[in-house]
Structures are given as structure tokens and as C-alpha cells.
file entry.cif (mmCIF, C-alpha atoms)
data_target
loop_
_atom_site.label_atom_id
_atom_site.label_comp_id
_atom_site.auth_asym_id
_atom_site.auth_seq_id
_atom_site.Cartn_x
_atom_site.Cartn_y
_atom_site.Cartn_z
CA MET A 96 0.00 0.00 0.00
CA ASN A 97 1.33 3.38 -0.92
CA ILE A 98 1.08 5.62 2.12
CA GLY A 99 1.97 9.30 1.96
CA PHE A 100 1.39 12.26 -0.25
CA ARG A 101 1.02 11.51 -3.90
CA ARG A 102 2.62 14.05 -6.19
CA LYS A 103 -0.02 15.86 -8.13
CA GLN A 104 0.28 15.00 -11.76
CA GLN A 105 1.09 17.94 -14.01
CA ASP A 106 0.81 18.41 -17.72
CA GLU A 107 4.18 19.72 -18.94
CA ARG A 108 2.55 21.65 -21.78
CA VAL A 109 0.40 23.50 -19.24
CA THR A 110 3.43 24.05 -16.97
CA ASN A 111 5.49 25.45 -19.84
CA LEU A 112 2.70 27.79 -20.89
CA GLN A 113 2.21 28.87 -17.27
CA ASN A 114 5.94 29.65 -17.05
CA LYS A 115 5.60 31.70 -20.23
CA VAL A 116 2.74 33.66 -18.67
CA TYR A 117 4.79 34.23 -15.47
CA ARG A 118 7.66 35.54 -17.63
CA GLU A 119 5.30 37.93 -19.42
CA LEU A 120 3.86 38.97 -16.07
CA TYR A 121 7.34 39.77 -14.77
CA MET A 122 8.09 41.80 -17.91
CA PHE A 123 4.81 43.66 -17.47
CA VAL A 124 5.57 44.48 -13.80
CA THR A 125 9.10 45.62 -14.77
CA ILE A 126 7.79 47.90 -17.53
CA VAL A 127 5.21 49.44 -15.17
CA ALA A 128 7.91 49.97 -12.52
CA VAL A 129 10.26 51.63 -15.04
CA LEU A 130 7.47 53.89 -16.35
CA SER A 131 6.49 54.83 -12.81
CA LEU A 132 10.16 55.56 -12.00
CA ILE A 133 10.49 57.83 -15.05
CA ILE A 134 7.24 59.70 -14.32
CA LYS A 135 8.16 60.19 -10.65
CA THR A 136 11.67 61.39 -11.55
CA ILE A 137 10.22 63.93 -14.03
CA ASN A 138 7.77 65.13 -11.37
CA ASP A 139 10.61 65.34 -8.81
CA ASP A 140 8.89 62.80 -6.56
CA ARG A 141 11.52 61.29 -4.25
CA ASN A 142 9.37 58.34 -3.15
CA ILE A 143 10.81 55.78 -5.59
CA TRP A 144 11.84 52.99 -3.20
CA THR A 145 9.01 50.64 -4.20
CA GLU A 146 10.03 50.78 -7.86
CA LEU A 147 13.71 50.38 -7.01
CA ILE A 148 12.99 47.36 -4.80
CA ILE A 149 10.93 45.75 -7.59
CA LEU A 150 13.61 46.38 -10.23
CA ILE A 151 16.77 45.69 -8.23
CA GLY A 152 15.22 42.98 -6.02
CA GLY A 153 13.90 41.13 -9.09
CA GLY A 154 17.30 41.19 -10.77
CA VAL A 155 19.16 40.09 -7.65
CA TYR A 156 16.67 37.28 -6.99
CA TYR A 157 17.01 36.04 -10.58
CA LEU A 158 20.80 36.09 -10.41
CA ILE A 159 20.86 34.20 -7.10
CA ARG A 160 18.39 31.57 -8.32
CA VAL A 161 20.02 30.91 -11.70
CA SER A 162 23.47 30.66 -10.11
CA SER A 163 22.26 28.33 -7.35
CA LEU A 164 20.58 26.11 -9.96
CA GLY A 165 23.75 26.14 -12.08
CA ILE A 166 22.03 27.40 -15.22
CA PHE A 167 23.83 30.74 -15.19
CA SER A 168 26.96 29.04 -16.62
CA ASP A 169 24.74 27.52 -19.33
CA GLU A 170 23.31 30.93 -20.17
CA VAL A 171 26.84 32.35 -20.46
CA GLU A 172 27.91 29.37 -22.60
CA MET A 173 24.95 29.80 -24.96
CA HIS A 174 25.53 33.56 -25.18
CA ASP A 175 29.27 33.23 -25.86
CA ARG A 176 28.58 30.60 -28.53
CA SER A 177 26.33 32.87 -30.57
CA SER A 178 27.85 36.27 -29.85
CA LYS A 179 31.09 37.73 -31.19
CA ILE A 180 31.82 39.48 -27.89
CA LYS A 181 31.97 37.28 -24.79
CA LEU A 182 29.54 38.19 -21.99
CA ASN A 183 32.44 38.87 -19.63
CA LYS A 184 33.92 41.44 -22.02
CA LYS A 185 30.46 42.84 -22.82
CA ASN A 186 29.78 43.49 -19.12
CA PHE A 187 33.11 45.28 -18.82
CA ILE A 188 32.34 47.48 -21.85
CA VAL A 189 28.80 48.23 -20.59
CA SER A 190 30.23 49.26 -17.19
CA LEU A 191 32.68 51.64 -18.87
CA VAL A 192 30.09 53.12 -21.25
CA VAL A 193 27.46 53.63 -18.50
CA GLY A 194 30.09 55.10 -16.15
CA ILE A 195 31.37 57.53 -18.79
CA GLY A 196 27.83 58.39 -19.98
CA PHE A 197 26.64 59.12 -16.44
CA SER A 198 29.76 61.22 -15.72
CA LEU A 199 29.29 63.13 -18.97
CA THR A 200 25.63 63.87 -18.18
CA LEU A 201 26.44 65.12 -14.69
CA ALA A 202 29.41 67.17 -15.94
CA ILE A 203 27.41 68.90 -18.70
CA ARG A 204 24.38 69.51 -16.49
CA ASN A 205 26.27 70.86 -13.48
CA SER A 206 28.84 72.92 -15.39
CA GLN A 207 26.01 74.68 -17.26
CA ARG A 208 24.03 75.20 -14.07
CA TYR A 209 26.72 76.51 -11.76
CA ALA A 210 29.39 78.18 -13.95
CA ASP A 211 29.35 81.96 -14.41
CA SER A 212 31.71 82.23 -17.38
CA ALA A 213 32.79 80.13 -20.36
CA GLY A 214 36.20 79.47 -18.81
CA GLU A 215 34.61 78.38 -15.54
CA GLU A 216 32.22 76.16 -17.45
CA ILE A 217 35.11 74.28 -19.06
CA SER A 218 37.03 73.91 -15.81
CA PHE A 219 33.86 72.77 -13.97
CA PHE A 220 33.10 70.33 -16.76
CA LEU A 221 36.57 68.77 -16.68
CA MET A 222 36.67 68.62 -12.89
CA ILE A 223 33.22 67.06 -12.51
CA PHE A 224 33.72 64.73 -15.47
CA PHE A 225 36.99 63.21 -14.22
CA THR A 226 35.84 63.08 -10.59
CA CYS A 227 32.60 61.34 -11.59
CA MET A 228 34.49 58.89 -13.81
CA ALA A 229 36.79 58.04 -10.91
CA ILE A 230 33.70 57.29 -8.81
CA TYR A 231 31.15 55.83 -11.21
CA ILE A 232 33.31 53.53 -13.35
CA PRO A 233 34.42 51.49 -10.31
CA VAL A 234 30.84 51.61 -8.98
CA MET A 235 29.45 50.30 -12.29
CA LEU A 236 32.14 47.61 -12.38
CA GLY A 237 31.09 46.69 -8.84
CA ILE A 238 27.42 46.54 -9.82
CA ILE A 239 27.80 44.67 -13.12
CA VAL A 240 31.11 42.78 -13.24
CA VAL A 241 31.52 41.59 -9.63
CA PRO A 242 28.02 40.01 -9.28
CA TYR A 243 28.58 38.37 -12.70
CA LYS A 244 31.86 36.83 -11.50
CA LEU A 245 30.34 35.67 -8.20
CA ALA A 246 27.27 34.18 -9.91
CA LYS A 247 29.44 32.46 -12.54
CA ASN A 248 31.73 30.92 -9.91
CA LYS A 249 28.77 29.71 -7.86
CA SER A 250 27.04 28.33 -10.95
CA ASP A 251 30.23 26.56 -12.10
CA ARG A 252 30.55 24.91 -8.68
CA VAL A 253 26.91 23.72 -8.79
CA ASN A 254 27.47 22.38 -12.31
CA ASP A 255 30.60 20.54 -11.24
CA ALA A 256 28.71 19.00 -8.33
CA GLN A 257 25.88 17.90 -10.64
CA LEU A 258 28.32 16.31 -13.06
CA ASP A 259 30.71 14.96 -10.42
CA ASP A 260 30.09 11.31 -11.28
CA ASP A 261 30.58 11.96 -14.98
CA GLU A 262 34.17 10.83 -15.19
CA ASP A 263 34.46 11.16 -18.97
CA VAL A 264 33.61 14.52 -20.47
CA ARG A 265 34.86 13.59 -23.91
CA MET B 204 19.23 5.90 -14.75
CA LYS B 205 22.37 6.65 -16.73
CA ASN B 206 22.02 6.80 -20.48
CA LYS B 207 25.03 4.73 -21.53
CA LYS B 208 23.60 4.23 -25.02
CA LEU B 209 23.83 7.93 -25.70
CA LYS B 210 27.36 8.09 -24.36
CA MET B 211 28.42 5.15 -26.54
CA ALA B 212 26.78 6.61 -29.65
CA ARG B 213 28.56 9.89 -29.00
CA ALA B 214 31.87 8.05 -28.61
CA GLU B 215 31.20 6.19 -31.90
CA HIS B 216 31.00 9.54 -33.66
CA ASP B 217 34.04 10.82 -31.73
CA LEU B 218 32.08 13.78 -30.47
CA SER B 219 32.71 15.48 -27.15
CA GLN B 220 29.78 16.59 -25.02
CA GLN B 221 30.66 20.14 -26.02
CA GLU B 222 30.59 19.33 -29.75
CA LEU B 223 27.30 17.44 -29.55
CA ALA B 224 25.80 20.21 -27.43
CA LYS B 225 26.86 22.83 -29.95
CA THR B 226 25.42 20.85 -32.86
CA VAL B 227 22.01 20.36 -31.25
CA GLY B 228 21.93 23.86 -29.73
CA VAL B 229 22.07 23.16 -26.00
CA SER B 230 24.70 23.63 -23.31
CA ARG B 231 27.33 21.00 -22.48
CA GLN B 232 25.78 20.67 -19.02
CA THR B 233 22.48 19.56 -20.60
CA ILE B 234 24.15 16.72 -22.51
CA GLY B 235 26.08 15.75 -19.37
CA LEU B 236 22.91 15.60 -17.29
CA ILE B 237 21.03 13.57 -19.96
CA GLU B 238 23.86 11.02 -19.96
CA LEU B 239 23.75 10.89 -16.18
CA GLY B 240 19.98 10.40 -16.26
CA LYS B 241 19.41 13.53 -14.24
CA TYR B 242 17.51 15.42 -16.93
CA ASN B 243 14.66 14.34 -19.19
CA PRO B 244 15.10 15.95 -22.60
CA SER B 245 12.12 17.10 -24.66
CA LEU B 246 11.08 14.98 -27.60
CA GLN B 247 12.44 17.63 -29.97
CA LEU B 248 15.87 17.53 -28.30
CA CYS B 249 15.85 13.70 -28.35
CA LEU B 250 15.14 13.85 -32.08
CA SER B 251 17.91 16.39 -32.69
CA ILE B 252 20.40 14.18 -30.84
CA CYS B 253 19.23 11.12 -32.79
CA TRP B 254 19.63 12.92 -36.13
CA VAL B 255 23.17 14.01 -35.28
CA LEU B 256 24.19 10.56 -34.06
CA ASP B 257 22.35 8.65 -36.85
CA LYS B 258 20.30 6.66 -34.36
CA SER B 259 16.62 6.15 -33.73
CA LEU B 260 14.78 7.18 -30.59
CA ASP B 261 14.56 3.50 -29.65
CA ASP B 262 18.33 3.10 -30.01
CA LEU B 263 19.13 5.93 -27.62
CA PHE B 264 16.20 6.56 -25.36
CA TRP B 265 14.03 3.47 -25.10
CA GLN B 266 13.81 1.91 -21.65
CA GLU B 267 12.17 -1.37 -20.72
CA LYS B 268 9.03 -0.96 -18.67
CA LYS B 269 9.69 -1.36 -14.97
CA ASP B 270 7.39 -3.69 -13.01
CA THR B 271 5.67 -1.64 -10.32
#
call {"tool": "encode", "arguments": {"input": "entry.cif", "output": "C-alpha cells"}}
result
Amino acid sequence: MNIGFRRKQQDERVTNLQNKVYRELYMFVTIVAVLSLIIKTINDDRNIWTELIILIGGGVYYLIRVSSLGIFSDEVEMHDRSSKIKLNKKNFIVSLVVGIGFSLTLAIRNSQRYADSAGEEISFFLMIFFTCMAIYIPVMLGIIVVPYKLAKNKSDRVNDAQLDDDEDVR
Amino acid sequence: MKNKKLKMARAEHDLSQQELAKTVGVSRQTIGLIELGKYNPSLQLCLSICWVLDKSLDDLFWQEKKDT
């Protein structure tokens, strides 16, 4: 006699379609959060924590889950196979571009706002630009590259553990 | 249950897990887990593997019915 809880039978087609709907739902929530963030920023509303928690929390949760399941390495492998630039290099470039772009925006905006003469504008621009680059490039590397490395290492370890009794890779 | 038939067929074609994975469009880990019996591939993936290795589904994936 089979005593205990029986696993509820599931139709994999239904499960796959449900997962697709959950993915769309997540995209929908993300888009709404981004739109809300933009509208609040334009209206100078400082109460943006809910949106930030949804956006950052969602990303962090995803990264932790995919690395603990070991599929992050697979995602990287599939990306690197089809893309000319490896994901590692791409993250590094994105960090640099975002860091420089952010520094440039702040330098232009603040030098125009606070300088009294053209000469002062240039000196303000250069000062703010290089100071911001010194701050934001390492910050962006910390936000993008370091979590990537940590997630990849964790995922590789999980993968190795899953394949530990596979003595022959070839 | 380990899929030794798949591993042998791959060895016959002198393909590494990485090479087979690349040909059928999955990660090396996926092929590794199928061979270890830790992942059930979809029918489409089974077919892709069979086409690459010139085998039938029966050759690679058929299992005798277990008495329950």
C-alpha cells in the first residue's frame, strides 16, 4: 500500500505555458515599474523605493536563483557561442560606457548650471567629469562585473557538483 | 538511470559533449545531465540528438518498462 502524499500529476505543456505567462507577467511588472520611476523622476517625486525594490530585487533574486541552480553558466555558454563578444567582455564594456555616460551627463548639467563664465564652465566640466568617472566607473564595475563573476563561480561549482560522477567529459 | 547508449553513440562519432551540445543547440551541461539520467530531454531535443548521431529514438532513449 502506498502511504503518503502523492505528487499531483502535471501536464508539462500547461506548466510550460504557465511559465511563459509568469515571464510575461514579470516583464509587465518591470515595464510598469520603469514607467512609474520615469514619471516620478520627471515630477521630482523622491518616493521611488518601491520601484527600485521591484527592479533591483527582481534582478538580484534572478541572479541568485540561476546561479544556485547552475544554469547561469549555461546561459553564459549559450551567449558566448552565438555572440562575437563574450559576456564577460560585454559586461566590462557596458560598465565603462554607462560610467562615462553618467559622468558626462552630470558634468554637462552641473557645469552649465553653476558656472558663471565660459572658462569656468570648461574647468567645472573637466573637474566634474573626471571626478565622476573616478567614482562611477568602479561603482558600475562593482554593480555589473563583480556580481557576474560571483554568480558564474557559484554556478560553475553547482554544475561541477551535478556532473561529479561523470568521469568522462569527452 | 544513466544513459550509456547515448554516451556510446557519441563516442562512436568521436564527439565530445561540447561538440554534440553545440550541434544540437544546447549547453554541455544539458548533454552531461542527460547522460547521467538527471535530466529528461524534450522529444524535440531527443530527435535532434538522434539525427546528429544517426540513431533512432529507440536506439538511444528506449527503456524497458519497470514492473511496479
call {"tool": "atom_distance", "arguments": {"input": "entry.cif", "atom1": "CA of Cys249 in chain B", "atom2": "CA of Arg118 in chain A"}}
result
25.7 Å
call {"tool": "closest_residue", "arguments": {"input": "entry.cif", "among": "A:Tyr117, A:Phe224, A:Phe167, A:Phe123", "to": "chain B", "atoms": "only C-alpha atoms"}}
result
A:Phe167
call {"tool": "resolve_selection", "arguments": {"input": "entry.cif", "expression": "the PyMOL selection byres ((chain B) within 10 of (chain A))", "output": "PyMOL selection string"}}
result
chain B and resi 205+210+213-214+217-222+224-225+228-236+238-239+241
call {"tool": "write_last_selection", "arguments": {"input": "entry.cif", "atoms": "C-alpha atoms", "output": "PDB file, in the frame of the given file"}}
result
ATOM      1  CA  LYS B 205      22.370   6.650 -16.730  1.00  0.00           C
ATOM      2  CA  LYS B 210      27.360   8.090 -24.360  1.00  0.00           C
ATOM      3  CA  ARG B 213      28.560   9.890 -29.000  1.00  0.00           C
ATOM      4  CA  ALA B 214      31.870   8.050 -28.610  1.00  0.00           C
ATOM      5  CA  ASP B 217      34.040  10.820 -31.730  1.00  0.00           C
ATOM      6  CA  LEU B 218      32.080  13.780 -30.470  1.00  0.00           C
ATOM      7  CA  SER B 219      32.710  15.480 -27.150  1.00  0.00           C
ATOM      8  CA  GLN B 220      29.780  16.590 -25.020  1.00  0.00           C
ATOM      9  CA  GLN B 221      30.660  20.140 -26.020  1.00  0.00           C
ATOM     10  CA  GLU B 222      30.590  19.330 -29.750  1.00  0.00           C
ATOM     11  CA  ALA B 224      25.800  20.210 -27.430  1.00  0.00           C
ATOM     12  CA  LYS B 225      26.860  22.830 -29.950  1.00  0.00           C
ATOM     13  CA  GLY B 228      21.930  23.860 -29.730  1.00  0.00           C
ATOM     14  CA  VAL B 229      22.070  23.160 -26.000  1.00  0.00           C
ATOM     15  CA  SER B 230      24.700  23.630 -23.310  1.00  0.00           C
ATOM     16  CA  ARG B 231      27.330  21.000 -22.480  1.00  0.00           C
ATOM     17  CA  GLN B 232      25.780  20.670 -19.020  1.00  0.00           C
ATOM     18  CA  THR B 233      22.480  19.560 -20.600  1.00  0.00           C
ATOM     19  CA  ILE B 234      24.150  16.720 -22.510  1.00  0.00           C
ATOM     20  CA  GLY B 235      26.080  15.750 -19.370  1.00  0.00           C
ATOM     21  CA  LEU B 236      22.910  15.600 -17.290  1.00  0.00           C
ATOM     22  CA  GLU B 238      23.860  11.020 -19.960  1.00  0.00           C
ATOM     23  CA  LEU B 239      23.750  10.890 -16.180  1.00  0.00           C
ATOM     24  CA  LYS B 241      19.410  13.530 -14.240  1.00  0.00           C
TER      25      LYS B 241
END
call {"tool": "residues_around", "arguments": {"input": "entry.cif", "residues": "range 254-264 of chain B", "least_positions_apart": "3", "cutoff": "10 Å", "atoms": "only C-alpha atoms", "output": "list in words"}}
result
Asn206, Lys207, Lys208, Leu209, Lys210, Met211, Ala212, Arg213, Ala214, Glu215, His216, Leu218, Leu223, Thr226, Val227, Pro244, Leu246, Leu248, Cys249, Leu250 and Ser251 of chain B
call {"tool": "atom_distance", "arguments": {"input": "entry.cif", "atom1": "CA of Gln104 in chain A", "atom2": "CA of Gln266 in chain B"}}
result
21.3 Å
call {"tool": "residues_around", "arguments": {"input": "entry.cif", "residues": "Phe220 in chain A", "least_positions_apart": "2", "cutoff": "9 Å", "atoms": "all atoms listed in the file", "output": "list of chain:residue names"}}
result
A:Leu199, A:Leu201, A:Ala202, A:Ile203, A:Arg204, A:Asn205, A:Ser206, A:Gln207, A:Glu215, A:Glu216, A:Ile217, A:Ser218, A:Met222, A:Ile223, A:Phe224, A:Phe225
call {"tool": "write_last_selection", "arguments": {"input": "entry.cif", "atoms": "C-alpha atoms", "output": "JSON list (two decimals), in the coordinates of the input"}}
result
[["chain", "number", "residue", "atom", "x", "y", "z"],
["A", 199, "LEU", "CA", 29.29, 63.13, -18.97],
["A", 201, "LEU", "CA", 26.44, 65.12, -14.69],
["A", 202, "ALA", "CA", 29.41, 67.17, -15.94],
["A", 203, "ILE", "CA", 27.41, 68.90, -18.70],
["A", 204, "ARG", "CA", 24.38, 69.51, -16.49],
["A", 205, "ASN", "CA", 26.27, 70.86, -13.48],
["A", 206, "SER", "CA", 28.84, 72.92, -15.39],
["A", 207, "GLN", "CA", 26.01, 74.68, -17.26],
["A", 215, "GLU", "CA", 34.61, 78.38, -15.54],
["A", 216, "GLU", "CA", 32.22, 76.16, -17.45],
["A", 217, "ILE", "CA", 35.11, 74.28, -19.06],
["A", 218, "SER", "CA", 37.03, 73.91, -15.81],
["A", 222, "MET", "CA", 36.67, 68.62, -12.89],
["A", 223, "ILE", "CA", 33.22, 67.06, -12.51],
["A", 224, "PHE", "CA", 33.72, 64.73, -15.47],
["A", 225, "PHE", "CA", 36.99, 63.21, -14.22]]
call {"tool": "closest_residue", "arguments": {"input": "entry.cif", "among": "A:Ile230, A:Ile134, A:Ile159, A:Met235", "to": "Val189 in chain A", "atoms": "all atoms listed in the file"}}
result
A:Met235
call {"tool": "residues_around", "arguments": {"input": "entry.cif", "residues": "Val253 in chain A", "least_positions_apart": "3", "cutoff": "7 Å", "atoms": "all atoms listed in the file", "output": "ChimeraX atom specification"}}
result
/A:163-165,249-250,256-257
call {"tool": "atom_distance", "arguments": {"input": "entry.cif", "atom1": "CA of Asn114 in chain A", "atom2": "CA of Arg160 in chain A"}}
result
15.3 Å
